[in-house]
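Listing of input-v1.tsv, TSV, C-alpha atoms
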```
chain	number	residue	atom	x	y	z
Q	1	MET	CA	6.03	-7.67	7.00
Q	2	LYS	CA	8.38	-5.80	9.33
Q	3	PHE	CA	11.25	-7.00	7.14
Q	4	PHE	CA	9.56	-5.61	4.03
Q	5	LEU	CA	8.95	-2.17	5.51
Q	6	GLY	CA	12.45	-2.18	6.95
Q	7	ILE	CA	13.74	-2.56	3.40
Q	8	VAL	CA	11.52	0.35	2.37
Q	9	VAL	CA	13.09	2.63	4.95
Q	10	LEU	CA	16.61	1.43	4.24
Q	11	SER	CA	16.13	2.00	0.51
Q	12	VAL	CA	15.06	5.57	1.20
Q	13	LEU	CA	17.97	6.17	3.53
Q	14	GLY	CA	20.32	4.53	1.05
Q	15	SER	CA	19.25	6.96	-1.63
Q	16	GLY	CA	21.19	9.69	0.14
Q	17	VAL	CA	18.31	11.63	1.65
Q	18	PHE	CA	20.24	12.43	4.81
Q	19	SER	CA	23.79	12.15	3.57
Q	20	GLN	CA	24.52	15.45	1.85
Q	21	ASP	CA	26.87	17.95	3.51
Q	22	PRO	CA	26.29	21.70	3.18
Q	23	SER	CA	27.34	22.88	-0.27
Q	24	GLY	CA	28.09	26.47	0.61
Q	25	ASN	CA	25.07	27.61	-1.39
Q	26	PRO	CA	22.20	28.35	1.04
Q	27	LEU	CA	19.46	28.19	-1.59
Q	28	GLN	CA	20.76	24.91	-2.96
Q	29	ASP	CA	20.87	23.48	0.54
Q	30	ALA	CA	17.34	24.75	1.20
Q	31	TYR	CA	16.12	22.97	-1.94
Q	32	TYR	CA	17.90	19.80	-0.87
Q	33	VAL	CA	16.24	19.83	2.56
Q	34	ILE	CA	12.78	20.38	1.07
Q	35	ASN	CA	13.36	17.67	-1.56
Q	36	SER	CA	14.44	15.29	1.19
Q	37	TYR	CA	10.92	15.35	2.58
Q	38	HIS	CA	9.46	14.47	-0.76
Q	39	ARG	CA	11.90	11.65	-1.45
Q	40	MET	CA	11.54	10.15	2.00
Q	41	TYR	CA	7.75	10.03	2.05
Q	42	GLU	CA	7.11	9.44	-1.64
Q	43	GLY	CA	9.74	6.70	-1.79
Q	44	THR	CA	8.05	4.85	1.04
Q	45	LYS	CA	4.58	5.28	-0.49
Q	46	ASP	CA	5.76	4.10	-3.91
Q	47	ASN	CA	7.24	0.94	-2.40
Q	48	VAL	CA	4.05	0.23	-0.45
Q	49	ARG	CA	1.89	0.76	-3.56
Q	50	PHE	CA	4.10	-1.57	-5.59
Q	51	TYR	CA	4.00	-4.29	-2.95
Q	52	MET	CA	0.23	-3.98	-2.61
Q	53	SER	CA	-0.36	-4.03	-6.38
Q	54	ASP	CA	2.01	-6.92	-7.07
Q	55	THR	CA	0.71	-9.04	-4.18
Q	56	SER	CA	-2.94	-8.34	-4.98
Q	57	LYS	CA	-2.46	-9.29	-8.63
Q	58	THR	CA	-1.05	-12.67	-7.61
Q	59	ILE	CA	-3.95	-13.28	-5.22
Q	60	ILE	CA	-6.57	-12.20	-7.78
Q	61	ASP	CA	-5.06	-14.47	-10.44
Q	62	GLU	CA	-5.42	-17.42	-8.06
Q	63	LEU	CA	-9.01	-16.53	-7.20
Q	64	VAL	CA	-10.01	-16.13	-10.85
Q	65	GLN	CA	-8.46	-19.50	-11.65
Q	66	ILE	CA	-10.38	-21.22	-8.85
Q	67	VAL	CA	-13.75	-19.84	-9.92
Q	68	THR	CA	-13.04	-20.30	-13.65
Q	69	ASN	CA	-12.10	-23.94	-13.11
Q	70	GLU	CA	-15.39	-24.60	-11.30
Q	71	ILE	CA	-17.40	-22.87	-14.02
Q	72	GLY	CA	-15.60	-25.04	-16.57
Q	73	ARG	CA	-16.50	-28.19	-14.67
Q	74	TRP	CA	-20.19	-27.29	-14.58
Q	75	ASN	CA	-20.16	-26.40	-18.28
Q	76	GLY	CA	-18.70	-29.82	-18.98
Q	77	ARG	CA	-21.63	-31.50	-17.21
Q	78	LYS	CA	-24.31	-29.92	-19.40
Q	79	GLN	CA	-24.38	-32.81	-21.85
Q	80	THR	CA	-24.71	-35.51	-19.19
Q	81	CYS	CA	-26.74	-33.66	-16.54
Q	82	ALA	CA	-30.43	-33.89	-17.41
Q	83	ASN	CA	-31.45	-31.83	-14.39
Q	84	LEU	CA	-29.11	-28.96	-15.21
Q	85	THR	CA	-31.63	-26.37	-16.41
Q	86	PRO	CA	-31.06	-22.68	-17.25
Q	87	ARG	CA	-32.65	-21.78	-13.92
Q	88	ASN	CA	-30.39	-23.85	-11.68
Q	89	THR	CA	-27.41	-23.08	-13.90
Q	90	GLU	CA	-28.04	-19.41	-13.11
Q	91	ALA	CA	-28.26	-20.28	-9.41
Q	92	ILE	CA	-24.88	-22.01	-9.57
Q	93	GLY	CA	-23.39	-19.04	-11.38
Q	94	ASN	CA	-24.76	-16.61	-8.80
Q	95	ALA	CA	-23.37	-18.70	-5.95
Q	96	LEU	CA	-19.93	-18.81	-7.57
Q	97	ARG	CA	-20.11	-15.08	-8.17
Q	98	ASP	CA	-20.76	-14.58	-4.45
Q	99	CYS	CA	-17.59	-16.55	-3.64
Q	100	ALA	CA	-15.61	-14.26	-5.94
Q	101	TRP	CA	-17.25	-11.11	-4.57
Q	102	ASN	CA	-16.55	-12.09	-0.97
Q	103	ALA	CA	-12.87	-12.45	-1.80
Q	104	ALA	CA	-12.85	-9.19	-3.79
Q	105	ASP	CA	-14.53	-7.36	-0.90
Q	106	ALA	CA	-11.84	-8.60	1.48
Q	107	LEU	CA	-9.11	-7.23	-0.80
Q	108	TYR	CA	-11.03	-3.99	-1.29
Q	109	ASP	CA	-11.19	-3.42	2.47
Q	110	ILE	CA	-7.47	-4.06	2.81
Q	111	HIS	CA	-6.68	-1.60	0.01
Q	112	ASN	CA	-8.95	1.03	1.55
Q	113	ASN	CA	-7.16	0.80	4.89
Q	114	VAL	CA	-3.72	1.06	3.28
Q	115	TYR	CA	-4.74	3.99	1.09
Q	116	ALA	CA	-6.12	5.78	4.16
Q	117	GLU	CA	-2.68	5.51	5.77
Q	118	LEU	CA	-0.98	6.70	2.59
Q	119	GLU	CA	-3.34	9.68	2.46
Q	120	ASP	CA	-2.34	10.59	6.01
Q	121	MET	CA	1.29	10.37	4.93
Q	122	GLN	CA	0.57	12.69	2.01
Q	123	GLU	CA	-0.95	15.27	4.33
Q	124	GLU	CA	2.02	14.95	6.67
Q	125	SER	CA	4.46	15.39	3.79
Q	126	LEU	CA	2.74	18.55	2.60
Q	127	SER	CA	2.60	19.91	6.14
Q	128	LEU	CA	6.32	19.31	6.58
Q	129	GLN	CA	7.15	21.00	3.29
Q	130	PHE	CA	5.06	24.03	4.23
Q	131	SER	CA	6.84	24.10	7.57
Q	132	VAL	CA	10.20	24.27	5.81
Q	133	MET	CA	8.97	27.01	3.50
Q	134	HIS	CA	7.74	28.96	6.52
Q	135	ARG	CA	11.14	28.62	8.14
Q	136	LEU	CA	12.84	29.79	4.96
Q	137	ARG	CA	10.63	32.86	4.84
Q	138	ASN	CA	11.53	33.82	8.41
Q	139	PHE	CA	15.15	32.71	8.43
Q	140	ASP	CA	17.91	35.16	7.49
Q	141	ILE	CA	19.95	32.63	5.58
Q	142	LEU	CA	22.76	34.96	4.57
Q	143	ALA	CA	23.23	36.44	8.04
Q	144	ASN	CA	22.88	33.15	9.92
Q	145	TYR	CA	24.18	30.60	7.47
Q	146	ASN	CA	26.34	28.85	10.06
Q	147	ASP	CA	23.15	27.86	11.89
Q	148	PHE	CA	21.09	27.24	8.79
Q	149	TYR	CA	21.95	23.65	7.96
Q	150	ASP	CA	21.77	22.40	11.54
Q	151	ASP	CA	18.39	24.05	12.03
Q	152	PHE	CA	16.87	22.49	8.92
Q	153	GLN	CA	18.59	19.15	9.46
Q	154	ASN	CA	16.69	18.96	12.75
Q	155	VAL	CA	13.46	19.30	10.79
Q	156	VAL	CA	14.50	16.43	8.52
Q	157	ASP	CA	15.46	14.31	11.52
Q	158	GLN	CA	12.06	14.91	13.09
Q	159	ALA	CA	10.37	13.96	9.82
Q	160	TYR	CA	12.28	10.68	9.67
Q	161	ASP	CA	11.44	9.96	13.30
Q	162	ARG	CA	7.76	10.53	12.50
Q	163	LEU	CA	8.01	8.16	9.54
Q	164	GLU	CA	9.78	5.44	11.49
Q	165	HIS	CA	7.77	5.53	14.70
Q	166	HIS	CA	4.32	6.60	13.52
Q	167	PHE	CA	3.68	5.80	9.87
Q	168	ILE	CA	5.72	2.62	9.49
Q	169	PRO	CA	3.92	0.82	12.37
Q	170	ARG	CA	0.54	1.95	11.00
Q	171	LEU	CA	1.43	0.77	7.50
Q	172	GLU	CA	2.60	-2.54	8.91
Q	173	ALA	CA	-0.76	-2.99	10.63
Q	174	ALA	CA	-2.68	-2.03	7.47
Q	175	LEU	CA	-0.65	-4.35	5.24
Q	176	GLU	CA	-0.67	-7.33	7.60
Q	177	PRO	CA	-4.08	-8.58	6.33
Q	178	LEU	CA	-2.75	-8.50	2.76
Q	179	PHE	CA	0.30	-10.47	3.84
Q	180	ALA	CA	-2.02	-13.02	5.47
Q	181	ALA	CA	-4.34	-13.08	2.43
Q	182	GLU	CA	-1.49	-14.45	0.31
Q	183	THR	CA	-1.93	-17.78	2.10
Q	184	THR	CA	-5.55	-17.67	3.30
Q	185	LEU	CA	-7.78	-16.06	0.67
Q	186	ALA	CA	-7.36	-18.65	-2.08
Q	187	PRO	CA	-8.10	-21.61	0.24
Q	188	GLN	CA	-11.13	-19.77	1.66
Q	189	THR	CA	-12.43	-19.19	-1.85
Q	190	GLN	CA	-11.79	-22.82	-2.77
Q	191	THR	CA	-13.75	-23.89	0.31
Q	192	CYS	CA	-16.63	-21.64	-0.77
Q	193	VAL	CA	-16.55	-23.11	-4.29
Q	194	ASN	CA	-16.42	-26.68	-2.96
Q	195	ALA	CA	-19.46	-26.02	-0.77
Q	196	ILE	CA	-21.41	-24.86	-3.84
Q	197	SER	CA	-20.35	-27.95	-5.76
Q	198	ARG	CA	-21.63	-30.17	-2.94
Q	199	GLN	CA	-24.84	-28.15	-2.66
Q	200	PHE	CA	-25.73	-28.71	-6.33
Q	201	SER	CA	-24.17	-32.16	-6.73
Q	202	ALA	CA	-27.58	-33.86	-6.55
Q	203	LEU	CA	-28.42	-32.34	-9.93
Q	204	CYS	CA	-26.10	-34.79	-11.65
```

What is this structure when it is put down as structure tokens?
Amino acid sequence: MKFFLGIVVLSVLGSGVFSQDPSGNPLQDAYYVINSYHRMYEGTKDNVRFYMSDTSKTIIDELVQIVTNEIGRWNGRKQTCANLTPRNTEAIGNALRDCAWNAADALYDIHNNVYAELEDMQEESLSLQFSVMHRLRNFDILANYNDFYDDFQNVVDQAYDRLEHHFIPRLEAALEPLFAAETTLAPQTQTCVNAISRQFSALC
């Protein structure tokens, strides 16, 4: 997980967020500094969203397959199972549904925690951009241009430090359960399904 988020940060840094030298145009440089905030935070959030979506889809596909396979097995027993009535068939279906819902709830909780962290990042990003705009309003760019870039570069450096030492660790913690779910959620669901199969096995 730390490796993944390290790649996120490196990809943002590699995009040139912090690499531009002053152009000689104060307004252009001001735009660049403000845009750096957006690219740094949004780039990280986009990568996190993609990882979460891609990983969750793989997990959900496995869970659906497990439950679908069990439903198929019970459907195949209808012709040979004299005790398999509409009532207990419904009971089996409800029990299997509970297995699926338990797994879905686990993923839902993980997503909620990650999105809460991303929302905090969004608020931080907006706050930083407003801070830059406030500085621009009170900074005599033309009279003090020699100090302009260094002053605003410090703001960018502080923003990166906040990302690296505050948000990245919190995102790591929020995503860790999803990383674990890749290997644990499908077996847990299979165990739940197997228990239902044993519970109703006396019907056939």

Using all atoms listed in the file, what table do you get, as a Markdown table, when you list each residue of stretch 105-127 of chain Q with an atom no more than 9 Å from stretch 41-63 of chain Q, its nearest pair of atoms, and their distance in Å rounded to one decimal, rows by chain then rising number?
```
| residue | atom | partner | partner_atom | distance |
| --- | --- | --- | --- | --- |
| Q:Leu107 | CA | Q:Ser56 | CA | 7.5 |
| Q:His111 | CA | Q:Met52 | CA | 7.8 |
| Q:Val114 | CA | Q:Val48 | CA | 8.7 |
| Q:Tyr115 | CA | Q:Arg49 | CA | 8.7 |
| Q:Leu118 | CA | Q:Lys45 | CA | 6.5 |
| Q:Met121 | CA | Q:Tyr41 | CA | 7.1 |
| Q:Gln122 | CA | Q:Tyr41 | CA | 7.7 |
| Q:Glu124 | CA | Q:Tyr41 | CA | 8.9 |
| Q:Ser125 | CA | Q:Tyr41 | CA | 6.5 |
```

Using only C-alpha atoms: which of Q:Ile34, Q:Val67, Q:Val132, Q:Met40 has the shortest distance to Q:Asp161: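 So, comparing all the options, the nearest one is Q:Met40.
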
Best match for closeness to Q:Ala173 among Q:Leu84, Q:Glu117, Q:Cys204, Q:Val156, counting all atoms listed in the file: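 Of the candidates, the smallest distance to Q:Ala173 is held by Q:Glu117.
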
Near-Q:Asn88 list (12 Å; all atoms listed in the file; drop same-chain fewer than 3 positions) as a list in words: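 Close residues of Q:Asn88: Trp74, Lys78, Cys81, Ala82, Asn83, Leu84, Thr85, Ala91, Ile92, Gly93, Asn94, Ala95, Ile196, Gln199, Phe200, Ser201, Ala202, Leu203 and Cys204 of chain Q.
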
Distance of atom CA of Q:Leu163 from atom CA of Q:Asp105, expressed in Å to one decimal place: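 One can read the atom CA of Q:Asp105 to atom CA of Q:Leu163 distance as 29.3 Å.
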
Supply stretch 108-133 of chain Q as a PDB file, keeping the file's coordinate frame, with N, CA, C and O atoms built in where the input has gaps.
```
ATOM      1  N   TYR Q 108     -10.631  -5.398  -1.214  1.00  0.00           N
ATOM      2  CA  TYR Q 108     -11.030  -3.990  -1.290  1.00  0.00           C
ATOM      3  C   TYR Q 108     -10.876  -3.310   0.069  1.00  0.00           C
ATOM      4  O   TYR Q 108     -10.366  -2.180   0.166  1.00  0.00           O
ATOM      5  N   ASP Q 109     -11.309  -3.984   1.127  1.00  0.00           N
ATOM      6  CA  ASP Q 109     -11.190  -3.420   2.470  1.00  0.00           C
ATOM      7  C   ASP Q 109      -9.734  -3.217   2.860  1.00  0.00           C
ATOM      8  O   ASP Q 109      -9.385  -2.192   3.477  1.00  0.00           O
ATOM      9  N   ILE Q 110      -8.903  -4.182   2.513  1.00  0.00           N
ATOM     10  CA  ILE Q 110      -7.470  -4.060   2.810  1.00  0.00           C
ATOM     11  C   ILE Q 110      -6.887  -2.849   2.092  1.00  0.00           C
ATOM     12  O   ILE Q 110      -6.169  -2.031   2.682  1.00  0.00           O
ATOM     13  N   HIS Q 111      -7.193  -2.725   0.798  1.00  0.00           N
ATOM     14  CA  HIS Q 111      -6.680  -1.600   0.010  1.00  0.00           C
ATOM     15  C   HIS Q 111      -7.152  -0.274   0.590  1.00  0.00           C
ATOM     16  O   HIS Q 111      -6.371   0.684   0.666  1.00  0.00           O
ATOM     17  N   ASN Q 112      -8.419  -0.207   0.976  1.00  0.00           N
ATOM     18  CA  ASN Q 112      -8.950   1.030   1.550  1.00  0.00           C
ATOM     19  C   ASN Q 112      -8.179   1.450   2.787  1.00  0.00           C
ATOM     20  O   ASN Q 112      -7.867   2.633   2.973  1.00  0.00           O
ATOM     21  N   ASN Q 113      -7.889   0.493   3.657  1.00  0.00           N
ATOM     22  CA  ASN Q 113      -7.160   0.800   4.890  1.00  0.00           C
ATOM     23  C   ASN Q 113      -5.749   1.285   4.596  1.00  0.00           C
ATOM     24  O   ASN Q 113      -5.258   2.231   5.223  1.00  0.00           O
ATOM     25  N   VAL Q 114      -5.085   0.640   3.635  1.00  0.00           N
ATOM     26  CA  VAL Q 114      -3.720   1.060   3.280  1.00  0.00           C
ATOM     27  C   VAL Q 114      -3.733   2.444   2.657  1.00  0.00           C
ATOM     28  O   VAL Q 114      -2.919   3.312   2.995  1.00  0.00           O
ATOM     29  N   TYR Q 115      -4.678   2.679   1.741  1.00  0.00           N
ATOM     30  CA  TYR Q 115      -4.740   3.990   1.090  1.00  0.00           C
ATOM     31  C   TYR Q 115      -5.069   5.101   2.094  1.00  0.00           C
ATOM     32  O   TYR Q 115      -4.615   6.247   1.930  1.00  0.00           O
ATOM     33  N   ALA Q 116      -5.839   4.788   3.117  1.00  0.00           N
ATOM     34  CA  ALA Q 116      -6.120   5.780   4.160  1.00  0.00           C
ATOM     35  C   ALA Q 116      -4.832   6.186   4.868  1.00  0.00           C
ATOM     36  O   ALA Q 116      -4.602   7.377   5.156  1.00  0.00           O
ATOM     37  N   GLU Q 117      -3.967   5.201   5.143  1.00  0.00           N
ATOM     38  CA  GLU Q 117      -2.680   5.510   5.770  1.00  0.00           C
ATOM     39  C   GLU Q 117      -1.784   6.316   4.835  1.00  0.00           C
ATOM     40  O   GLU Q 117      -1.093   7.249   5.254  1.00  0.00           O
ATOM     41  N   LEU Q 118      -1.792   5.959   3.555  1.00  0.00           N
ATOM     42  CA  LEU Q 118      -0.980   6.700   2.590  1.00  0.00           C
ATOM     43  C   LEU Q 118      -1.476   8.132   2.436  1.00  0.00           C
ATOM     44  O   LEU Q 118      -0.682   9.061   2.229  1.00  0.00           O
ATOM     45  N   GLU Q 119      -2.783   8.328   2.526  1.00  0.00           N
ATOM     46  CA  GLU Q 119      -3.340   9.680   2.460  1.00  0.00           C
ATOM     47  C   GLU Q 119      -2.881  10.514   3.655  1.00  0.00           C
ATOM     48  O   GLU Q 119      -2.543  11.697   3.512  1.00  0.00           O
ATOM     49  N   ASP Q 120      -2.851   9.892   4.827  1.00  0.00           N
ATOM     50  CA  ASP Q 120      -2.340  10.590   6.010  1.00  0.00           C
ATOM     51  C   ASP Q 120      -0.874  10.963   5.819  1.00  0.00           C
ATOM     52  O   ASP Q 120      -0.434  12.053   6.229  1.00  0.00           O
ATOM     53  N   MET Q 121      -0.114  10.072   5.208  1.00  0.00           N
ATOM     54  CA  MET Q 121       1.290  10.370   4.930  1.00  0.00           C
ATOM     55  C   MET Q 121       1.421  11.550   3.974  1.00  0.00           C
ATOM     56  O   MET Q 121       2.305  12.394   4.121  1.00  0.00           O
ATOM     57  N   GLN Q 122       0.536  11.592   2.965  1.00  0.00           N
ATOM     58  CA  GLN Q 122       0.570  12.690   2.010  1.00  0.00           C
ATOM     59  C   GLN Q 122       0.321  14.027   2.707  1.00  0.00           C
ATOM     60  O   GLN Q 122       1.017  15.015   2.451  1.00  0.00           O
ATOM     61  N   GLU Q 123      -0.659  14.048   3.595  1.00  0.00           N
ATOM     62  CA  GLU Q 123      -0.950  15.270   4.330  1.00  0.00           C
ATOM     63  C   GLU Q 123       0.232  15.670   5.209  1.00  0.00           C
ATOM     64  O   GLU Q 123       0.567  16.853   5.328  1.00  0.00           O
ATOM     65  N   GLU Q 124       0.853  14.684   5.828  1.00  0.00           N
ATOM     66  CA  GLU Q 124       2.020  14.950   6.670  1.00  0.00           C
ATOM     67  C   GLU Q 124       3.158  15.511   5.837  1.00  0.00           C
ATOM     68  O   GLU Q 124       3.835  16.468   6.233  1.00  0.00           O
ATOM     69  N   SER Q 125       3.385  14.934   4.674  1.00  0.00           N
ATOM     70  CA  SER Q 125       4.460  15.390   3.790  1.00  0.00           C
ATOM     71  C   SER Q 125       4.251  16.841   3.381  1.00  0.00           C
ATOM     72  O   SER Q 125       5.180  17.652   3.419  1.00  0.00           O
ATOM     73  N   LEU Q 126       3.031  17.171   2.991  1.00  0.00           N
ATOM     74  CA  LEU Q 126       2.740  18.550   2.600  1.00  0.00           C
ATOM     75  C   LEU Q 126       2.910  19.501   3.775  1.00  0.00           C
ATOM     76  O   LEU Q 126       3.458  20.600   3.626  1.00  0.00           O
ATOM     77  N   SER Q 127       2.468  19.074   4.951  1.00  0.00           N
ATOM     78  CA  SER Q 127       2.600  19.910   6.140  1.00  0.00           C
ATOM     79  C   SER Q 127       4.068  20.183   6.450  1.00  0.00           C
ATOM     80  O   SER Q 127       4.455  21.306   6.786  1.00  0.00           O
ATOM     81  N   LEU Q 128       4.897  19.148   6.317  1.00  0.00           N
ATOM     82  CA  LEU Q 128       6.320  19.310   6.580  1.00  0.00           C
ATOM     83  C   LEU Q 128       6.970  20.250   5.572  1.00  0.00           C
ATOM     84  O   LEU Q 128       7.803  21.089   5.918  1.00  0.00           O
ATOM     85  N   GLN Q 129       6.587  20.117   4.311  1.00  0.00           N
ATOM     86  CA  GLN Q 129       7.150  21.000   3.290  1.00  0.00           C
ATOM     87  C   GLN Q 129       6.748  22.451   3.517  1.00  0.00           C
ATOM     88  O   GLN Q 129       7.559  23.368   3.363  1.00  0.00           O
ATOM     89  N   PHE Q 130       5.498  22.671   3.918  1.00  0.00           N
ATOM     90  CA  PHE Q 130       5.060  24.030   4.230  1.00  0.00           C
ATOM     91  C   PHE Q 130       5.808  24.574   5.443  1.00  0.00           C
ATOM     92  O   PHE Q 130       6.114  25.770   5.514  1.00  0.00           O
ATOM     93  N   SER Q 131       6.091  23.690   6.388  1.00  0.00           N
ATOM     94  CA  SER Q 131       6.840  24.100   7.570  1.00  0.00           C
ATOM     95  C   SER Q 131       8.234  24.580   7.180  1.00  0.00           C
ATOM     96  O   SER Q 131       8.722  25.599   7.685  1.00  0.00           O
ATOM     97  N   VAL Q 132       8.868  23.871   6.272  1.00  0.00           N
ATOM     98  CA  VAL Q 132      10.200  24.270   5.810  1.00  0.00           C
ATOM     99  C   VAL Q 132      10.127  25.622   5.083  1.00  0.00           C
ATOM    100  O   VAL Q 132      10.957  26.508   5.293  1.00  0.00           O
ATOM    101  N   MET Q 133       9.108  25.756   4.223  1.00  0.00           N
ATOM    102  CA  MET Q 133       8.970  27.010   3.500  1.00  0.00           C
ATOM    103  C   MET Q 133       8.738  28.178   4.461  1.00  0.00           C
ATOM    104  O   MET Q 133       9.257  29.280   4.263  1.00  0.00           O
TER     105      MET Q 133
END
```
